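Asks: So that you have it, the file is my_file-v5.csv, and it contains CSV, C-alpha atoms:
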chain,number,residue,atom,x,y,z
W,15,MET,CA,-7.9,-17.7,-1.5
W,16,VAL,CA,-6.4,-15.0,0.6
W,17,LYS,CA,-7.8,-14.8,4.1
W,18,VAL,CA,-5.8,-11.9,5.6
W,19,ILE,CA,-4.8,-8.6,4.1
W,20,GLU,CA,-3.2,-6.1,6.5
W,21,LYS,CA,-1.2,-3.0,6.1
W,22,LEU,CA,1.0,-2.5,9.1
W,23,ASP,CA,3.9,-0.4,10.3
W,24,ALA,CA,7.3,-1.9,11.1
W,25,GLU,CA,6.6,-2.8,14.7
W,26,GLU,CA,3.1,-4.2,14.1
W,27,SER,CA,4.4,-6.2,11.1
W,28,ILE,CA,6.9,-8.2,13.1
W,29,SER,CA,4.2,-9.2,15.6
W,30,LYS,CA,1.7,-10.0,12.9
W,31,PHE,CA,4.2,-11.9,10.8
W,32,LYS,CA,5.2,-14.1,13.8
W,33,GLU,CA,1.5,-14.7,14.4
W,34,LEU,CA,1.1,-15.9,10.8
W,35,LEU,CA,4.2,-18.1,11.1
W,36,LEU,CA,2.7,-19.8,14.1
W,37,ASP,CA,-0.8,-20.3,12.6
W,38,LYS,CA,-1.1,-23.9,11.3
W,39,ASN,CA,-3.9,-22.8,9.0
W,40,ILE,CA,-1.6,-20.4,7.1
W,41,HIS,CA,0.7,-21.9,4.5
W,42,ASN,CA,1.5,-19.2,2.0
W,43,ILE,CA,2.3,-15.7,3.0
W,44,LEU,CA,2.9,-12.8,0.6
W,45,ILE,CA,4.8,-9.8,2.0
W,46,ARG,CA,4.5,-6.6,0.0
W,47,GLY,CA,5.7,-3.0,0.4
W,48,PHE,CA,7.9,-0.3,-1.2
W,49,SER,CA,11.1,-1.2,0.7
W,50,ASN,CA,12.9,-4.2,-0.6
W,51,ASP,CA,15.4,-4.3,2.2
W,52,ALA,CA,12.8,-4.1,4.9
W,53,LYS,CA,10.9,-7.1,3.7
W,54,VAL,CA,14.1,-9.2,3.7
W,55,ALA,CA,14.9,-8.0,7.2
W,56,LEU,CA,11.4,-8.7,8.4
W,57,ALA,CA,11.4,-12.3,7.1
W,58,PHE,CA,14.7,-13.3,8.6
W,59,SER,CA,14.3,-11.5,11.9
W,60,ALA,CA,11.0,-13.1,12.6
W,61,LEU,CA,12.1,-16.6,11.6
W,62,LYS,CA,15.3,-16.5,13.7
W,63,GLU,CA,13.3,-15.5,16.8
W,64,LEU,CA,10.9,-18.5,16.6
W,65,SER,CA,12.3,-21.9,17.8
W,66,GLU,CA,10.0,-23.7,15.4
W,67,TYR,CA,12.0,-22.4,12.4
W,68,ASN,CA,15.6,-23.6,11.8
W,69,ASN,CA,16.1,-24.8,8.3
W,70,GLY,CA,14.8,-23.7,4.9
W,71,THR,CA,15.4,-22.9,1.3
W,72,LEU,CA,15.7,-19.5,-0.5
W,73,VAL,CA,14.0,-20.0,-3.8
W,74,ILE,CA,15.5,-17.5,-6.3
W,75,GLY,CA,13.2,-15.9,-8.8
W,76,ASN,CA,14.4,-14.5,-12.2
W,77,ALA,CA,17.5,-13.1,-10.7
W,78,THR,CA,21.2,-14.1,-10.8
W,79,ILE,CA,22.8,-15.6,-7.8
W,80,THR,CA,25.0,-12.6,-7.5
W,81,SER,CA,22.1,-10.2,-7.5
W,82,GLU,CA,20.3,-12.3,-4.9
W,83,ARG,CA,23.4,-12.1,-2.7
W,84,GLY,CA,23.3,-8.3,-3.0
W,85,PHE,CA,19.6,-8.2,-2.1
W,86,LEU,CA,20.3,-10.2,1.1
W,87,GLU,CA,23.3,-8.2,2.1
W,88,LYS,CA,21.4,-4.9,1.8
W,89,GLY,CA,18.4,-6.2,3.7
W,90,LEU,CA,20.3,-8.0,6.4
W,91,ARG,CA,23.1,-5.4,6.6
W,92,ASN,CA,25.6,-8.3,6.8
W,93,SER,CA,28.0,-9.9,4.4
W,94,ILE,CA,26.8,-13.2,2.8
W,95,PRO,CA,29.2,-15.9,1.6
W,96,HIS,CA,29.4,-16.4,-2.2
W,97,ILE,CA,26.3,-18.4,-2.9
W,98,ASN,CA,26.2,-21.6,-4.8
W,99,LEU,CA,23.4,-24.1,-5.2
W,100,GLN,CA,25.1,-27.1,-3.6
W,101,ASP,CA,25.9,-25.8,-0.1
W,102,ILE,CA,24.0,-25.0,3.0
W,103,PHE,CA,24.7,-21.6,4.7
W,104,ARG,CA,24.2,-20.2,8.1
W,105,ILE,CA,22.3,-16.9,7.6
W,106,GLU,CA,21.0,-15.0,10.7
W,107,GLY,CA,21.3,-18.3,12.7
W,108,LEU,CA,19.2,-20.2,10.2
W,109,SER,CA,20.3,-23.1,8.0
W,110,VAL,CA,19.6,-22.0,4.4
W,111,ARG,CA,20.2,-23.6,1.0
W,112,PHE,CA,19.4,-22.0,-2.3
W,113,THR,CA,17.6,-23.2,-5.4
W,114,GLN,CA,16.0,-21.7,-8.5
W,115,TRP,CA,12.2,-21.8,-8.9
W,116,LYS,CA,12.3,-22.9,-12.5
W,117,LYS,CA,13.8,-26.3,-11.5
W,118,HIS,CA,10.7,-27.3,-9.6
W,119,LYS,CA,7.7,-27.1,-12.0
W,120,ASP,CA,7.0,-30.8,-12.1
W,121,PHE,CA,7.8,-32.4,-8.7
W,122,PRO,CA,7.4,-31.7,-5.0
W,123,PHE,CA,10.4,-30.1,-3.2
W,124,ASN,CA,11.3,-28.5,0.2
W,125,LEU,CA,9.9,-31.7,1.7
W,126,ASN,CA,11.7,-31.3,5.1
W,127,ASP,CA,12.0,-27.6,5.3
W,128,ASP,CA,10.6,-25.4,8.0
W,129,PHE,CA,10.3,-22.5,5.6
W,130,ALA,CA,10.8,-21.5,2.0
W,131,ILE,CA,11.5,-17.9,1.0
W,132,PHE,CA,10.6,-17.1,-2.6
W,133,HIS,CA,12.6,-14.0,-3.6
W,134,PRO,CA,12.4,-11.9,-5.7
W,135,VAL,CA,8.8,-12.7,-6.7
W,136,GLN,CA,8.1,-9.7,-8.9
W,137,SER,CA,10.2,-10.9,-11.9
W,138,ALA,CA,8.7,-14.4,-11.8
W,139,ILE,CA,5.1,-13.1,-12.2
W,140,TYR,CA,5.8,-10.3,-14.8
W,141,LYS,CA,4.7,-12.4,-17.7
W,142,ASP,CA,1.5,-14.5,-17.6
W,143,LYS,CA,3.3,-17.7,-18.7
W,144,ASP,CA,5.9,-17.3,-16.0
W,145,CYS,CA,3.2,-16.5,-13.4
W,146,ASN,CA,1.3,-19.7,-14.2
W,147,ASN,CA,4.5,-21.7,-14.0
W,148,PHE,CA,5.4,-20.0,-10.7
W,149,LYS,CA,2.0,-20.9,-9.3
W,150,LYS,CA,2.8,-24.6,-10.1
W,151,VAL,CA,6.1,-24.3,-8.3
W,152,LEU,CA,4.5,-22.7,-5.3
W,153,SER,CA,2.0,-25.6,-5.1
W,154,ASN,CA,5.0,-28.0,-5.3
W,155,SER,CA,6.7,-26.5,-2.3
W,156,LYS,CA,6.0,-28.6,0.8
W,157,ALA,CA,7.8,-26.4,3.3
W,158,LYS,CA,5.8,-25.7,6.5
W,159,LYS,CA,5.6,-22.1,5.4
W,160,ASN,CA,6.1,-20.5,2.0
W,161,ILE,CA,7.1,-16.8,2.3
W,162,LEU,CA,6.9,-14.7,-0.9
W,163,LEU,CA,8.8,-11.4,-0.9
W,164,THR,CA,8.1,-8.8,-3.7
W,165,THR,CA,10.7,-6.4,-5.1
W,166,ASN,CA,10.0,-3.1,-6.9
W,167,ASP,CA,6.4,-3.5,-5.8
W,168,PHE,CA,4.7,-0.4,-7.2
W,169,ASP,CA,1.8,-1.9,-9.2
W,170,THR,CA,-1.0,-4.4,-8.9
W,171,ARG,CA,0.9,-7.3,-10.4
W,172,PRO,CA,1.3,-9.2,-7.1
W,173,GLU,CA,-2.5,-9.4,-6.9
W,174,LYS,CA,-2.2,-12.2,-9.4
W,175,LEU,CA,-1.0,-14.3,-6.5
W,176,TYR,CA,-3.8,-13.5,-4.1
W,177,ASP,CA,-5.7,-16.7,-4.9
W,178,GLU,CA,-2.6,-18.7,-4.1
W,179,VAL,CA,-1.8,-17.3,-0.7
W,180,ASP,CA,-3.5,-17.4,2.7
W,181,ALA,CA,-2.2,-14.0,3.9
W,182,VAL,CA,-0.9,-10.7,2.5
W,183,LEU,CA,1.1,-8.5,4.8
W,184,ILE,CA,1.8,-5.0,3.5
W,185,LEU,CA,4.9,-3.6,5.3
W,186,ASP,CA,4.6,0.2,5.6
W,187,ILE,CA,7.7,1.8,7.0
W,188,THR,CA,6.9,5.3,5.8
W,189,MET,CA,6.9,6.7,9.3
W,190,LEU,CA,9.9,4.8,10.6
W,191,ASP,CA,12.3,7.7,10.0
W,192,GLY,CA,13.0,10.6,7.7
W,193,LYS,CA,15.0,8.4,5.3
W,194,HIS,CA,12.1,6.0,4.6
W,195,LYS,CA,9.6,8.9,4.4
W,196,LYS,CA,11.8,10.6,1.8
W,197,GLU,CA,12.1,7.3,-0.2
W,198,PHE,CA,8.3,6.8,-0.1
W,199,ASN,CA,7.7,10.4,-1.3
W,200,ILE,CA,10.1,10.0,-4.2
W,201,ILE,CA,8.5,6.7,-5.3
W,202,GLU,CA,5.0,8.2,-4.9
W,203,LYS,CA,5.9,11.4,-6.9
W,204,ASN,CA,7.5,9.3,-9.7
W,205,LEU,CA,4.3,7.2,-10.0
W,206,ILE,CA,2.1,10.3,-10.0
W,207,ASP,CA,4.2,11.9,-12.7
W,208,HIS,CA,3.4,8.8,-14.8
W,209,GLY,CA,-0.3,8.9,-14.0
W,210,LYS,CA,0.0,6.0,-11.6
W,211,LYS,CA,-0.3,5.4,-7.8
W,212,LEU,CA,0.8,2.8,-5.3
W,213,PRO,CA,-1.7,0.0,-5.1
W,214,TYR,CA,-1.7,-0.2,-1.3
Could you rewrite the structure in this file as structure tokens?
Replies:
Amino acid sequence: MVKVIEKLDAEESISKFKELLLDKNIHNILIRGFSNDAKVALAFSALKELSEYNNGTLVIGNATITSERGFLEKGLRNSIPHINLQDIFRIEGLSVRFTQWKKHKDFPFNLNDDFAIFHPVQSAIYKDKDCNNFKKVLSNSKAKKNILLTTNDFDTRPEKLYDEVDAVLILDITMLDGKHKKEFNIIEKNLIDHGKKLPY
């Protein structure tokens, strides 16, 4: 059951996320928000600054390896080597390997990992059957911290995971600069035009 739900700006989010990473009572953290790139940047920047975190796994959701590489390059503003599922890569000073979540429904995994980043989460929870399977996979991940990053997070779908996580951090970069304010306004207007609104 979720214990912490906070909506914070960019600077506050880094501080709070580090606090959650260092809290031994927090195991699963869900990071939400309208900017896909900012969530990737937040996760890696905080992890690389903490000496407790060195190695982990990026657990790919219902996305191709090529599209995951694109997500990472945009968020980190760095080139990423061509990803395969056999090798370990150095990304932002961290030792990272890759796997696909659907391979881990039945057995524990990430046994010796400091962290596991589940990304993108949105596609894995779109259908109820996938969502139930994803929850099993999450419970099978034995990394010290499981970090779940949403993409295209414009509805209440991620709330299906609130019972599975200890903390929800909503990254609000609306006021970071004009570019992000404009992006937010476009998203908000599109949702309003369809009779919807952002859930956070």
Asks: Quick one: distance from CA of Leu56 (chain W) to CA of Lys149 (chain W) in Å, one decimal?
Replies: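 Between these atoms lies a distance of 23.5 Å.
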Asks: Return the single residue from W:Leu61, W:Lys88, W:Gly209, W:Arg46 that is closest to Leu162 (chain W), with distances computed using all atoms listed in the file.
Replies: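 Closest to Leu162 (chain W), using all atoms listed in the file: W:Arg46.
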Asks: Applying 6 Å and only C-alpha atoms, which residues near region 177-188 of chain W remain after dropping the ones on its own chain fewer than 6 positions away? List them as a list in words.
Replies: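 Contacts, in chain order: Met15, Val16, Lys17, Val18, Ile19, Glu20, Lys21, Leu22, Asp23, Ala24, Ile40, Asn42, Ile43, Leu44, Ile45, Arg46, Gly47, His194 and Lys195 of chain W.
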Asks: Kindly export the residues of the current selection with C-alpha atoms, as an mmCIF file, in the frame of the given file.
Replies:
data_model
loop_
_atom_site.group_PDB
_atom_site.id
_atom_site.type_symbol
_atom_site.label_atom_id
_atom_site.label_comp_id
_atom_site.auth_asym_id
_atom_site.auth_seq_id
_atom_site.Cartn_x
_atom_site.Cartn_y
_atom_site.Cartn_z
ATOM 1 C CA MET W 15 -7.900 -17.700 -1.500
ATOM 2 C CA VAL W 16 -6.400 -15.000 0.600
ATOM 3 C CA LYS W 17 -7.800 -14.800 4.100
ATOM 4 C CA VAL W 18 -5.800 -11.900 5.600
ATOM 5 C CA ILE W 19 -4.800 -8.600 4.100
ATOM 6 C CA GLU W 20 -3.200 -6.100 6.500
ATOM 7 C CA LYS W 21 -1.200 -3.000 6.100
ATOM 8 C CA LEU W 22 1.000 -2.500 9.100
ATOM 9 C CA ASP W 23 3.900 -0.400 10.300
ATOM 10 C CA ALA W 24 7.300 -1.900 11.100
ATOM 11 C CA ILE W 40 -1.600 -20.400 7.100
ATOM 12 C CA ASN W 42 1.500 -19.200 2.000
ATOM 13 C CA ILE W 43 2.300 -15.700 3.000
ATOM 14 C CA LEU W 44 2.900 -12.800 0.600
ATOM 15 C CA ILE W 45 4.800 -9.800 2.000
ATOM 16 C CA ARG W 46 4.500 -6.600 0.000
ATOM 17 C CA GLY W 47 5.700 -3.000 0.400
ATOM 18 C CA HIS W 194 12.100 6.000 4.600
ATOM 19 C CA LYS W 195 9.600 8.900 4.400
#
Asks: My list of candidates is W:Lys116, W:Lys53, W:Arg111, W:Arg171. Which is closest to Asp144 (chain W) when distances are computed with all atoms listed in the file?
Replies: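 Closest residue, counting all atoms listed in the file: W:Lys116.
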Asks: For Pro122 (chain W), which residue out of W:Pro172, W:Leu190, W:Glu106, W:Lys150 is the nearest one, using all atoms listed in the file?
Replies: W:Lys150
Asks: If you measure from CA of Asn154 (chain W) to CA of Tyr214 (chain W), what distance in Å do you get, rounded to one decimal?
Replies: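 Computed distance, CA of Asn154 (chain W) to CA of Tyr214 (chain W), equals 28.9 Å.
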Asks: Just give me the residues with any atom within 9 Å of (7.1, -27.6, -13.7), file coordinates, counting all atoms listed in the file, written as a list of chain:residue names.
Replies: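 Counting all atoms listed in the file, I find these residues within 9 Å of (7.1, -27.6, -13.7): W:Lys116, W:Lys117, W:His118, W:Lys119, W:Asp120, W:Phe121, W:Asn147, W:Phe148, W:Lys150, W:Val151, W:Asn154.
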Asks: What's around Ser59 (chain W) at 12 Å? Count all atoms listed in the file, leave out sequence neighbours fewer than 2 positions away in its own chain, and write the answer as a list in words.
Replies: Ala24, Glu25, Ser27, Ile28, Ser29, Phe31, Lys32, Ala52, Lys53, Val54, Ala55, Leu56, Ala57, Leu61, Lys62, Glu63, Leu64, Tyr67, Gly89, Leu90, Arg91, Ile105, Glu106, Gly107 and Leu108 of chain W
Asks: At a cut-off of 9 Å, using all atoms listed in the file, what residues contact Lys159 (chain W)? Leave out same-chain residues fewer than 5 positions from it and give the result as a list in words.
Replies: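 Counting only the stated atoms, we get Leu35, Ile40, His41, Asn42, Ile43, Asp127, Asp128, Phe129, Ala130 and Ile131 of chain W.
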Asks: May I ask for the distance between CA of Phe103 (chain W) and CA of Thr71 (chain W), given in Å to one decimal place?
Replies: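 Distance between the two atoms: 10.0 Å.
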Asks: Here is a test: counting only C-alpha atoms, which residue of W:Leu175, W:Ile206, W:Leu36, W:Leu86 is nearest to Phe58 (chain W)?
Replies: W:Leu86
Asks: Give me the residues within 8 Å of region 134-139 of chain W as a VMD selection string, counting all atoms listed in the file and dropping any in the same chain fewer than 2 places off.
Replies: chain W and resid 74 to 77 82 132 141 to 142 144 to 146 148 162 to 167 171 to 172 174
Asks: Can you write just those residues out, C-alpha atoms, as a compact mmCIF listing (two decimals), in the frame of the given file?
Replies:
# COMPACT_ATOMS: atom_id res chain seq x y z
CA ILE W 74 15.50 -17.50 -6.30
CA GLY W 75 13.20 -15.90 -8.80
CA ASN W 76 14.40 -14.50 -12.20
CA ALA W 77 17.50 -13.10 -10.70
CA GLU W 82 20.30 -12.30 -4.90
CA PHE W 132 10.60 -17.10 -2.60
CA LYS W 141 4.70 -12.40 -17.70
CA ASP W 142 1.50 -14.50 -17.60
CA ASP W 144 5.90 -17.30 -16.00
CA CYS W 145 3.20 -16.50 -13.40
CA ASN W 146 1.30 -19.70 -14.20
CA PHE W 148 5.40 -20.00 -10.70
CA LEU W 162 6.90 -14.70 -0.90
CA LEU W 163 8.80 -11.40 -0.90
CA THR W 164 8.10 -8.80 -3.70
CA THR W 165 10.70 -6.40 -5.10
CA ASN W 166 10.00 -3.10 -6.90
CA ASP W 167 6.40 -3.50 -5.80
CA ARG W 171 0.90 -7.30 -10.40
CA PRO W 172 1.30 -9.20 -7.10
CA LYS W 174 -2.20 -12.20 -9.40
Asks: Using only C-alpha atoms, which of W:Leu34, W:Phe168, W:Lys196, W:Glu173 sits nearest Phe48 (chain W)?
Replies: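 The shortest atom-to-atom distance to Phe48 (chain W) comes from W:Phe168.
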Asks: For Lys193 (chain W), which of W:Ser49, W:Ser93, W:Glu66, W:Tyr140 is the closest residue, counting all atoms listed in the file?
Replies: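 Among the listed residues, the smallest separation from Lys193 (chain W) belongs to W:Ser49.
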Asks: Show me, as a PyMOL selection string, the residues that have an atom within 8 Å of Ile102 (chain W) when counting only C-alpha atoms, minus same-chain residues fewer than 5 positions from it.
Replies: chain W and resi 109-112
Asks: Generate the output file for the selected residues, C-alpha atoms, as a JSON list (two decimals), in the frame of the given file.
Replies:
[["chain", "number", "residue", "atom", "x", "y", "z"],
["W", 109, "SER", "CA", 20.30, -23.10, 8.00],
["W", 110, "VAL", "CA", 19.60, -22.00, 4.40],
["W", 111, "ARG", "CA", 20.20, -23.60, 1.00],
["W", 112, "PHE", "CA", 19.40, -22.00, -2.30]]
